[in-house]
file query_37.txt (compact mmCIF, C-alpha atoms and all ligand atoms)
# COMPACT_ATOMS: atom_id res chain seq x y z
CA MET A 811 109.27 131.56 184.34
CA ALA A 812 106.41 132.57 182.08
CA THR A 813 105.18 129.88 179.75
CA ILE A 814 105.56 130.40 176.01
CA ILE A 815 103.06 128.79 173.63
CA ALA A 816 104.24 127.56 170.24
CA PRO A 817 101.37 126.32 168.06
CA SER A 818 102.57 123.82 165.46
CA ILE A 819 101.32 124.71 161.99
CA LEU A 820 101.68 121.04 161.04
CA SER A 821 98.05 120.74 162.15
CA ALA A 822 96.97 123.91 160.31
CA ASP A 823 95.28 124.17 156.91
CA PHE A 824 98.26 124.56 154.54
CA ALA A 825 96.04 126.18 151.89
CA HIS A 826 95.41 129.10 154.27
CA LEU A 827 98.64 129.40 156.23
CA ALA A 828 98.62 133.18 156.67
CA ASP A 829 95.14 133.05 158.25
CA GLU A 830 96.09 130.05 160.35
CA VAL A 831 99.14 131.86 161.74
CA LYS A 832 97.15 135.01 162.44
CA LYS A 833 94.53 132.94 164.23
CA VAL A 834 97.01 131.73 166.85
CA THR A 835 99.06 134.91 167.22
CA ASP A 836 95.86 136.96 167.66
CA ALA A 837 94.98 134.46 170.39
CA GLY A 838 98.23 135.22 172.24
CA ALA A 839 100.71 132.61 171.00
CA GLU A 840 104.28 133.94 171.21
CA TYR A 841 105.93 131.48 168.82
CA VAL A 842 104.92 129.82 165.58
CA HIS A 843 106.36 126.29 165.45
CA VAL A 844 107.38 125.14 161.98
CA ASP A 845 107.94 121.38 161.56
CA VAL A 846 110.45 120.67 158.81
CA MET A 847 110.60 116.99 157.76
CA ASP A 848 112.87 115.57 155.07
CA GLY A 849 111.40 112.14 154.35
CA SER A 850 114.58 110.56 155.72
CA PHE A 851 115.13 111.45 159.37
CA VAL A 852 111.35 110.99 159.62
CA PRO A 853 109.12 109.41 156.94
CA GLU A 854 107.12 112.45 155.78
CA ILE A 855 108.12 115.59 153.87
CA THR A 856 106.58 118.85 155.04
CA ILE A 857 107.79 122.43 154.89
CA GLY A 858 110.88 124.01 153.31
CA ALA A 859 112.67 127.34 153.71
CA GLY A 860 110.50 128.97 151.03
CA VAL A 861 107.47 128.66 153.26
CA VAL A 862 109.38 130.14 156.18
CA LYS A 863 110.30 133.10 153.98
CA SER A 864 106.64 133.70 153.15
CA LEU A 865 105.61 133.37 156.80
CA ARG A 866 108.28 135.90 157.78
CA GLU A 867 106.51 138.45 155.59
CA ILE A 868 103.16 138.04 157.31
CA THR A 869 104.04 137.73 161.01
CA ASP A 870 106.23 139.31 163.69
CA ALA A 871 105.88 136.24 165.92
CA VAL A 872 108.98 134.25 166.76
CA LEU A 873 109.46 131.63 164.03
CA ASP A 874 110.49 128.47 165.86
CA VAL A 875 111.85 126.10 163.22
CA HIS A 876 112.11 122.43 164.20
CA LEU A 877 114.36 120.62 161.76
CA MET A 878 113.63 116.90 161.61
CA VAL A 879 116.24 116.40 158.91
CA GLU A 880 119.48 114.51 158.36
CA HIS A 881 122.64 116.61 158.04
CA PRO A 882 121.10 119.77 159.53
CA GLU A 883 124.39 121.60 158.94
CA THR A 884 123.54 121.71 155.22
CA GLN A 885 120.11 123.30 155.81
CA ILE A 886 120.48 125.91 158.52
CA GLU A 887 121.76 128.70 156.32
CA SER A 888 118.69 128.71 154.08
CA PHE A 889 116.33 128.69 157.06
CA ALA A 890 118.27 131.48 158.78
CA LYS A 891 118.17 133.58 155.61
CA ALA A 892 114.46 132.84 155.23
CA GLY A 893 113.86 134.56 158.56
CA ALA A 894 113.83 131.86 161.23
CA ASP A 895 114.38 133.17 164.77
CA ILE A 896 115.11 129.86 166.45
CA ILE A 897 116.56 126.85 164.64
CA THR A 898 116.34 123.52 166.45
CA PHE A 899 118.07 120.42 165.09
CA HIS A 900 118.14 116.84 166.35
CA VAL A 901 121.21 115.65 168.22
CA GLU A 902 120.68 112.24 166.55
CA ALA A 903 121.05 113.78 163.07
CA THR A 904 124.61 115.06 163.25
CA ARG A 905 128.04 114.05 164.56
CA HIS A 906 128.93 117.67 165.20
CA ALA A 907 126.15 119.07 167.32
CA HIS A 908 128.32 121.70 168.93
CA ARG A 909 129.50 122.99 165.58
CA VAL A 910 125.90 123.21 164.37
CA ILE A 911 125.08 125.39 167.40
CA GLN A 912 128.02 127.65 166.54
CA LYS A 913 126.88 127.92 162.94
CA ILE A 914 123.30 128.80 163.94
CA HIS A 915 124.65 131.54 166.21
CA GLU A 916 126.93 132.88 163.47
CA LEU A 917 123.83 133.21 161.30
CA GLY A 918 122.18 135.32 163.99
CA CYS A 919 119.59 132.83 165.23
CA LYS A 920 118.94 131.13 168.53
CA ALA A 921 119.98 127.49 168.64
CA GLY A 922 117.89 124.61 169.95
CA VAL A 923 118.84 120.95 170.29
CA ALA A 924 116.12 118.28 170.11
CA LEU A 925 116.14 114.79 171.62
CA ASN A 926 113.99 111.87 170.56
CA PRO A 927 112.23 109.99 173.37
CA GLY A 928 114.81 107.17 173.14
CA THR A 929 117.81 109.51 173.40
CA SER A 930 119.50 110.06 176.73
CA LEU A 931 119.95 113.46 178.29
CA SER A 932 123.69 112.74 178.50
CA THR A 933 123.93 113.50 174.75
CA VAL A 934 123.23 117.18 175.44
CA GLU A 935 125.06 117.60 178.74
CA GLU A 936 128.00 119.26 176.97
CA LEU A 937 125.68 121.43 174.86
CA VAL A 938 123.38 122.95 177.46
CA GLU A 939 125.75 125.78 178.23
CA ASP A 940 125.89 126.97 174.61
CA ALA A 941 122.41 126.08 173.38
CA ASP A 942 119.53 128.53 173.89
CA MET A 943 116.94 125.78 174.12
CA ILE A 944 116.69 122.00 174.55
CA LEU A 945 113.65 120.35 172.97
CA ILE A 946 112.48 117.18 174.69
CA MET A 947 110.28 115.25 172.26
CA THR A 948 107.31 113.75 174.07
CA VAL A 949 106.33 111.68 171.02
CA ASN A 950 108.50 110.07 168.35
CA PRO A 951 108.82 112.77 165.70
CA GLY A 952 107.08 112.46 162.35
CA TYR A 953 103.37 113.05 162.88
CA GLY A 954 100.94 115.29 164.71
CA GLY A 955 98.22 113.91 166.93
CA GLN A 956 100.21 111.17 168.69
CA LYS A 957 99.92 110.15 172.33
CA PHE A 958 102.16 111.80 174.93
CA ILE A 959 104.94 109.52 176.23
CA GLU A 960 104.87 109.85 180.01
CA SER A 961 108.37 108.46 180.58
CA GLN A 962 109.75 111.75 179.25
CA LEU A 963 108.57 113.68 182.32
CA GLY A 964 111.53 112.42 184.35
CA LYS A 965 113.88 113.58 181.58
CA ILE A 966 112.36 117.06 181.57
CA HIS A 967 112.77 117.29 185.33
CA MET A 968 116.39 116.09 185.20
CA LEU A 969 117.15 118.64 182.48
CA TYR A 970 115.60 121.38 184.60
CA HIS A 971 117.95 120.51 187.43
CA MET A 972 120.94 120.12 185.11
CA ILE A 973 120.42 123.67 183.85
CA GLU A 974 120.02 124.96 187.40
CA GLU A 975 123.17 123.25 188.62
CA MET A 976 125.18 124.62 185.71
CA GLU A 977 123.89 128.09 186.59
CA THR A 978 123.19 128.74 182.95
CA GLU A 979 120.12 129.86 181.04
CA CYS A 980 118.41 127.52 178.63
CA ASP A 981 114.78 127.15 177.67
CA ILE A 982 113.10 123.75 177.91
CA GLU A 983 110.71 123.10 175.05
CA VAL A 984 108.40 120.10 174.82
CA ASP A 985 106.73 118.82 171.67
CA GLY A 986 104.21 116.05 171.07
CA GLY A 987 100.87 115.19 172.62
CA ILE A 988 100.62 118.43 174.57
CA ASN A 989 97.04 119.25 175.57
CA GLU A 990 95.18 120.73 178.54
CA GLU A 991 96.02 117.71 180.69
CA THR A 992 99.64 116.93 179.73
CA SER A 993 100.59 120.61 179.73
CA VAL A 994 100.19 120.64 183.51
CA TRP A 995 102.61 117.71 183.87
CA VAL A 996 105.30 119.20 181.61
CA ARG A 997 105.05 122.64 183.21
CA GLU A 998 105.39 121.10 186.66
CA SER A 999 108.43 119.18 185.42
CA GLY A 1000 110.12 122.41 184.32
CA ALA A 1001 109.25 122.98 180.66
CA ASN A 1002 108.67 126.63 179.69
CA VAL A 1003 108.07 126.45 175.91
CA LEU A 1004 105.09 124.29 174.95
CA VAL A 1005 104.45 123.17 171.38
CA ALA A 1006 100.94 122.01 170.53
CA GLY A 1007 99.52 121.17 167.14
CA SER A 1008 96.30 119.18 167.19
CA ALA A 1009 95.21 120.46 170.61
CA ILE A 1010 95.26 124.04 169.30
CA TYR A 1011 94.32 123.76 165.62
CA GLY A 1012 91.81 121.03 166.37
CA ALA A 1013 90.03 123.15 168.98
CA GLU A 1014 86.81 124.98 168.24
CA ASP A 1015 87.96 127.89 170.36
CA VAL A 1016 91.66 128.39 169.65
CA ALA A 1017 92.08 131.21 172.18
CA ARG A 1018 90.58 129.08 174.91
CA ALA A 1019 92.81 126.10 174.02
CA ILE A 1020 95.91 128.32 174.21
CA LYS A 1021 94.78 129.70 177.56
CA GLU A 1022 94.17 126.22 178.97
CA ILE A 1023 97.54 124.91 177.77
CA ARG A 1024 99.32 127.96 179.18
CA GLY A 1025 97.68 127.39 182.56
CA LYS A 1026 98.58 129.29 185.68
CA GLU A 1027 102.14 130.23 186.49
CA ILE A 1028 103.90 127.50 188.46
CA ALA A 1029 106.27 128.29 191.32
CA HIS A 1030 109.18 125.86 191.45
CA HIS A 1031 110.77 124.67 194.68
CA HIS A 1032 114.29 123.42 194.31
CA HIS A 1033 115.13 122.18 197.76
CA HIS A 1034 113.91 118.60 197.75
CA HIS A 1035 113.73 115.23 196.01
CA ASP A 1036 115.81 115.89 192.91
CA ASP A 1037 114.86 112.64 191.23
CA GLU A 1038 111.13 113.01 191.17
CA TYR A 1039 109.12 115.12 188.87
CA GLU A 1040 106.05 115.48 191.02
CA ASP A 1041 107.28 118.51 192.95
CA GLU A 1042 104.32 119.53 195.01
CA ASP A 1043 104.01 123.20 195.68
CA GLU A 1044 103.54 123.43 199.38
C1 LIG B 1101 105.98 115.92 165.63
C2 LIG B 1101 106.13 117.42 165.45
C3 LIG B 1101 105.23 118.16 166.35
C4 LIG B 1101 103.76 117.94 166.06
C5 LIG B 1101 103.01 118.08 167.35
O1 LIG B 1101 106.86 115.27 164.81
O2 LIG B 1101 107.46 117.80 165.75
O3 LIG B 1101 105.56 119.53 166.41
O4 LIG B 1101 103.26 118.86 165.13
O5 LIG B 1101 101.68 117.73 167.14
P1 LIG B 1101 100.71 117.38 168.35
O6 LIG B 1101 100.70 118.55 169.27
O7 LIG B 1101 99.41 117.12 167.68
O8 LIG B 1101 101.30 116.14 169.02
ZN ZN B 1102 107.88 119.97 166.21
call {"tool": "encode", "arguments": {"input": "query_37.txt", "output": "C-alpha cells"}}
result
Amino acid sequence: MATIIAPSILSADFAHLADEVKKVTDAGAEYVHVDVMDGSFVPEITIGAGVVKSLREITDAVLDVHLMVEHPETQIESFAKAGADIITFHVEATRHAHRVIQKIHELGCKAGVALNPGTSLSTVEELVEDADMILIMTVNPGYGGQKFIESQLGKIHMLYHMIEEMETECDIEVDGGINEETSVWVRESGANVLVAGSAIYGAEDVARAIKEIRGKEIAHHHHHHDDEYEDEDE
C-alpha cells in the first residue's frame, strides 16, 4: 500500500497558513492534517471550523481533521460543512463512537477513530469494519514535538492483522513523533498514513523531509509470527 503523508499544520506558521499549506502540497504531501484542540480533552486550544473553511478555499489537498475535543458529536457538522474530507474523533471522547461514525458518513466525509497511547485496541474492534481509518496516537495528544512512544508499534501491528483477518479495508494512520527514523518502524508495522508536524515544518528542506518520511514502499509478508512487529522482508 502506498504511503500517504499528512503534514500537521500545528507546527506551521499560523500567520501564513496558506503559504505553509502550499509549501507541503507542492512538495508532494497528499493530506493536510488539521489538529483541533478544545482546551478540555487536551489542555490547549488551536483551530476551529472557520480556519478549515478558509483552508478549503486555497487547497485541493485532502483535509484530514483530527478532533481532540470532548463531545465530538456536537462538532462534526460544522467541520463537515467547512469542507473537511476526513473527520477523526477520539474513542475516549464519546460514549457513542459508532453513532459518530454514522453521522460523519451522513455528512459525506470519511470517518476516522483515534486512540490515545493508553487506550486498548479492543475499544475499536467493533468499529474497524465501519470506520475508514484508525489513528494510533504515538504520543499523548496535545502538543507537537514530543517523543515517539515505542510501545505503540505492537498495537499498530496488531491492528494491521485485525483488519486483514476481518477482510475489510481501513487505513492505519499514526500521529506523534514521526520522523525519518520512526517512520520506518511504523511503516514496517503496517501504518499507511503518516502524520508529521515538527519533522516536516521544522526541516530546512521540506520536500526532502517528506521524501525521507515516505521512504521506500514496503512489501508485507503475512505468513509468520503474528505477534511481533519486526516482520523482516526476506
Ligand atoms: C499531537 C497532534 C499531532 C502533532 C504532531 O497532539 O495530534 O498531530 O501535531 O506533531 P509532531 O509530528 O511534531 O509530533
Ligand atoms: Zn494530530
call {"tool": "atom_distance", "arguments": {"input": "query_37.txt", "atom1": "atom CA of Thr929 of chain A", "atom2": "atom C5 of ligand LIG 1101 (chain B)"}}
result
18.1 Å
call {"tool": "closest_residue", "arguments": {"input": "query_37.txt", "among": "A:Ala894, A:Val934, A:Met943, A:Met968", "to": "Glu983 of chain A", "atoms": "all atoms listed in the file"}}
result
A:Met943
call {"tool": "closest_residue", "arguments": {"input": "query_37.txt", "among": "A:Ala825, A:Val1016, A:Leu820, A:Ala837", "to": "Gly954 of chain A", "atoms": "all atoms listed in the file"}}
result
A:Leu820
call {"tool": "closest_residue", "arguments": {"input": "query_37.txt", "among": "A:Val879, A:Met847, A:Ala822, A:Ile814", "to": "Gly1025 of chain A", "atoms": "all atoms listed in the file"}}
result
A:Ile814
call {"tool": "residues_near_point", "arguments": {"input": "query_37.txt", "point": "(117.4, 114.2, 169.9)", "cutoff": "6 Å", "atoms": "all atoms listed in the file", "output": "PDB file with C-alpha atoms, in the frame of the given file"}}
result
ATOM      1  CA  HIS A 900     118.140 116.840 166.350  1.00  0.00           C
ATOM      2  CA  VAL A 901     121.210 115.650 168.220  1.00  0.00           C
ATOM      3  CA  GLU A 902     120.680 112.240 166.550  1.00  0.00           C
ATOM      4  CA  ALA A 924     116.120 118.280 170.110  1.00  0.00           C
ATOM      5  CA  LEU A 925     116.140 114.790 171.620  1.00  0.00           C
ATOM      6  CA  ASN A 926     113.990 111.870 170.560  1.00  0.00           C
ATOM      7  CA  THR A 929     117.810 109.510 173.400  1.00  0.00           C
TER       8      THR A 929
END
call {"tool": "residues_near_point", "arguments": {"input": "query_37.txt", "point": "(108.6, 112.7, 182.3)", "cutoff": "12 Å", "atoms": "only C-alpha atoms", "output": "VMD selection string"}}
result
chain A and resid 927 946 to 949 958 to 970 984 992 to 1001 1037 to 1040
call {"tool": "write_last_selection", "arguments": {"input": "query_37.txt", "atoms": "C-alpha atoms", "output": "mmCIF file, keeping the file's coordinate frame"}}
result
data_model
loop_
_atom_site.group_PDB
_atom_site.id
_atom_site.type_symbol
_atom_site.label_atom_id
_atom_site.label_comp_id
_atom_site.auth_asym_id
_atom_site.auth_seq_id
_atom_site.Cartn_x
_atom_site.Cartn_y
_atom_site.Cartn_z
ATOM 1 C CA PRO A 927 112.230 109.990 173.370
ATOM 2 C CA ILE A 946 112.480 117.180 174.690
ATOM 3 C CA MET A 947 110.280 115.250 172.260
ATOM 4 C CA THR A 948 107.310 113.750 174.070
ATOM 5 C CA VAL A 949 106.330 111.680 171.020
ATOM 6 C CA PHE A 958 102.160 111.800 174.930
ATOM 7 C CA ILE A 959 104.940 109.520 176.230
ATOM 8 C CA GLU A 960 104.870 109.850 180.010
ATOM 9 C CA SER A 961 108.370 108.460 180.580
ATOM 10 C CA GLN A 962 109.750 111.750 179.250
ATOM 11 C CA LEU A 963 108.570 113.680 182.320
ATOM 12 C CA GLY A 964 111.530 112.420 184.350
ATOM 13 C CA LYS A 965 113.880 113.580 181.580
ATOM 14 C CA ILE A 966 112.360 117.060 181.570
ATOM 15 C CA HIS A 967 112.770 117.290 185.330
ATOM 16 C CA MET A 968 116.390 116.090 185.200
ATOM 17 C CA LEU A 969 117.150 118.640 182.480
ATOM 18 C CA TYR A 970 115.600 121.380 184.600
ATOM 19 C CA VAL A 984 108.400 120.100 174.820
ATOM 20 C CA THR A 992 99.640 116.930 179.730
ATOM 21 C CA SER A 993 100.590 120.610 179.730
ATOM 22 C CA VAL A 994 100.190 120.640 183.510
ATOM 23 C CA TRP A 995 102.610 117.710 183.870
ATOM 24 C CA VAL A 996 105.300 119.200 181.610
ATOM 25 C CA ARG A 997 105.050 122.640 183.210
ATOM 26 C CA GLU A 998 105.390 121.100 186.660
ATOM 27 C CA SER A 999 108.430 119.180 185.420
ATOM 28 C CA GLY A 1000 110.120 122.410 184.320
ATOM 29 C CA ALA A 1001 109.250 122.980 180.660
ATOM 30 C CA ASP A 1037 114.860 112.640 191.230
ATOM 31 C CA GLU A 1038 111.130 113.010 191.170
ATOM 32 C CA TYR A 1039 109.120 115.120 188.870
ATOM 33 C CA GLU A 1040 106.050 115.480 191.020
#
call {"tool": "atom_distance", "arguments": {"input": "query_37.txt", "atom1": "atom CA of Val834 of chain A", "atom2": "atom CA of Pro817 of chain A"}}
result
7.1 Å
call {"tool": "atom_distance", "arguments": {"input": "query_37.txt", "atom1": "atom CA of Ile1028 of chain A", "atom2": "atom CA of Asn1002 of chain A"}}
result
10.0 Å
call {"tool": "residues_near_ligand", "arguments": {"input": "query_37.txt", "ligand": "ligand ZN 1102 (chain B)", "cutoff": "12 Å", "atoms": "only C-alpha atoms and all ligand atoms", "output": "number ranges by chain"}}
result
A: 816-821, 841-847, 852, 856-857, 873-879, 897-900, 922-926, 945-956, 983-988, 1003-1008
call {"tool": "closest_residue", "arguments": {"input": "query_37.txt", "among": "A:Ala828, A:Lys863, A:Ile1023, A:Ala1029", "to": "ligand LIG 1101 (chain B)", "atoms": "only C-alpha atoms and all ligand atoms"}}
result
A:Ile1023
call {"tool": "residues_around", "arguments": {"input": "query_37.txt", "residues": "Ala892 of chain A", "least_positions_apart": "5", "cutoff": "7 Å", "atoms": "only C-alpha atoms", "output": "ChimeraX atom specification"}}
result
/A:859-860,862-863
call {"tool": "residues_around", "arguments": {"input": "query_37.txt", "residues": "Lys913 of chain A", "least_positions_apart": "4", "cutoff": "9 Å", "atoms": "all atoms listed in the file", "output": "list in words"}}
result
Glu883, Ile886, Glu887, His908, Arg909, Leu917, Gly918 and Ala921 of chain A
call {"tool": "closest_residue", "arguments": {"input": "query_37.txt", "among": "A:Glu979, A:Glu1027, A:Asp870, A:Asp829", "to": "Asp942 of chain A", "atoms": "only C-alpha atoms"}}
result
A:Glu979
call {"tool": "closest_residue", "arguments": {"input": "query_37.txt", "among": "A:Pro853, A:Val872, A:Arg866, A:Glu880", "to": "Gly893 of chain A", "atoms": "only C-alpha atoms"}}
result
A:Arg866
call {"tool": "residues_around", "arguments": {"input": "query_37.txt", "residues": "Glu935 of chain A", "least_positions_apart": "6", "cutoff": "10 Å", "atoms": "all atoms listed in the file", "output": "ChimeraX atom specification"}}
result
/A:969,972-973,976
